[in-house]
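Structure record follows, encoded as structure tokens.
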Amino acid sequence: MALMSAALYSLAHTGTRLINAQQSQFAADSSALGCVLAQQDAPQEFAEQIAEQNFAHVIEFETSFDRCVVVVEVDNVIRRAAAVSVGGLDLPTLQR
């Protein structure tokens, strides 16, 4: 009985971590893309707002002329995403 309880607890914990990982990656991707779109209008504030709407918070932010790198955290799960823009054409994120 104890072994079954331990297995169920482990399964529930693993499922929660997977959901948190997906949520944090989605928040990182959308924040990086939002940053590229708002390059002229306070990109860090825009990226932080998008992360908060996805129940995450930005822990690292880096921007250059045509690139944004955002690192977010959801319940101790950290994910990173980078997005670039070339001549006004927004490209998909580059996950690492």
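Residue numbers start at 1 in each chain; chains themselves are named A, B, ... in the order of the structure tokens; ligands are numbered from 1 in the order shown.
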
Next item on the list: Might you pull out every residue within 10 Å of segment 44-61 of chain A, with only C-alpha atoms counted and same-chain residues fewer than 5 positions away left off, and present them as an MDAnalysis selection string?
Entry: chainID A and resid 20 23:39 68:75 77:80 82

DSSP alpha helix (DSSP H) selection over chain A, as number ranges by chain | A: 2-37, 43-53

Exercise for review: Just give me the gap between atom CA of Ala42 of chain A and atom CA of Phe65 of chain A in Å, one decimal is fine.
Suggested key: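 Between these atoms lies a distance of 12.7 Å.
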
Pairwise distance, atom CA of Pro43 of chain A with atom CA of Asn76 of chain A, equals 24.2 Å
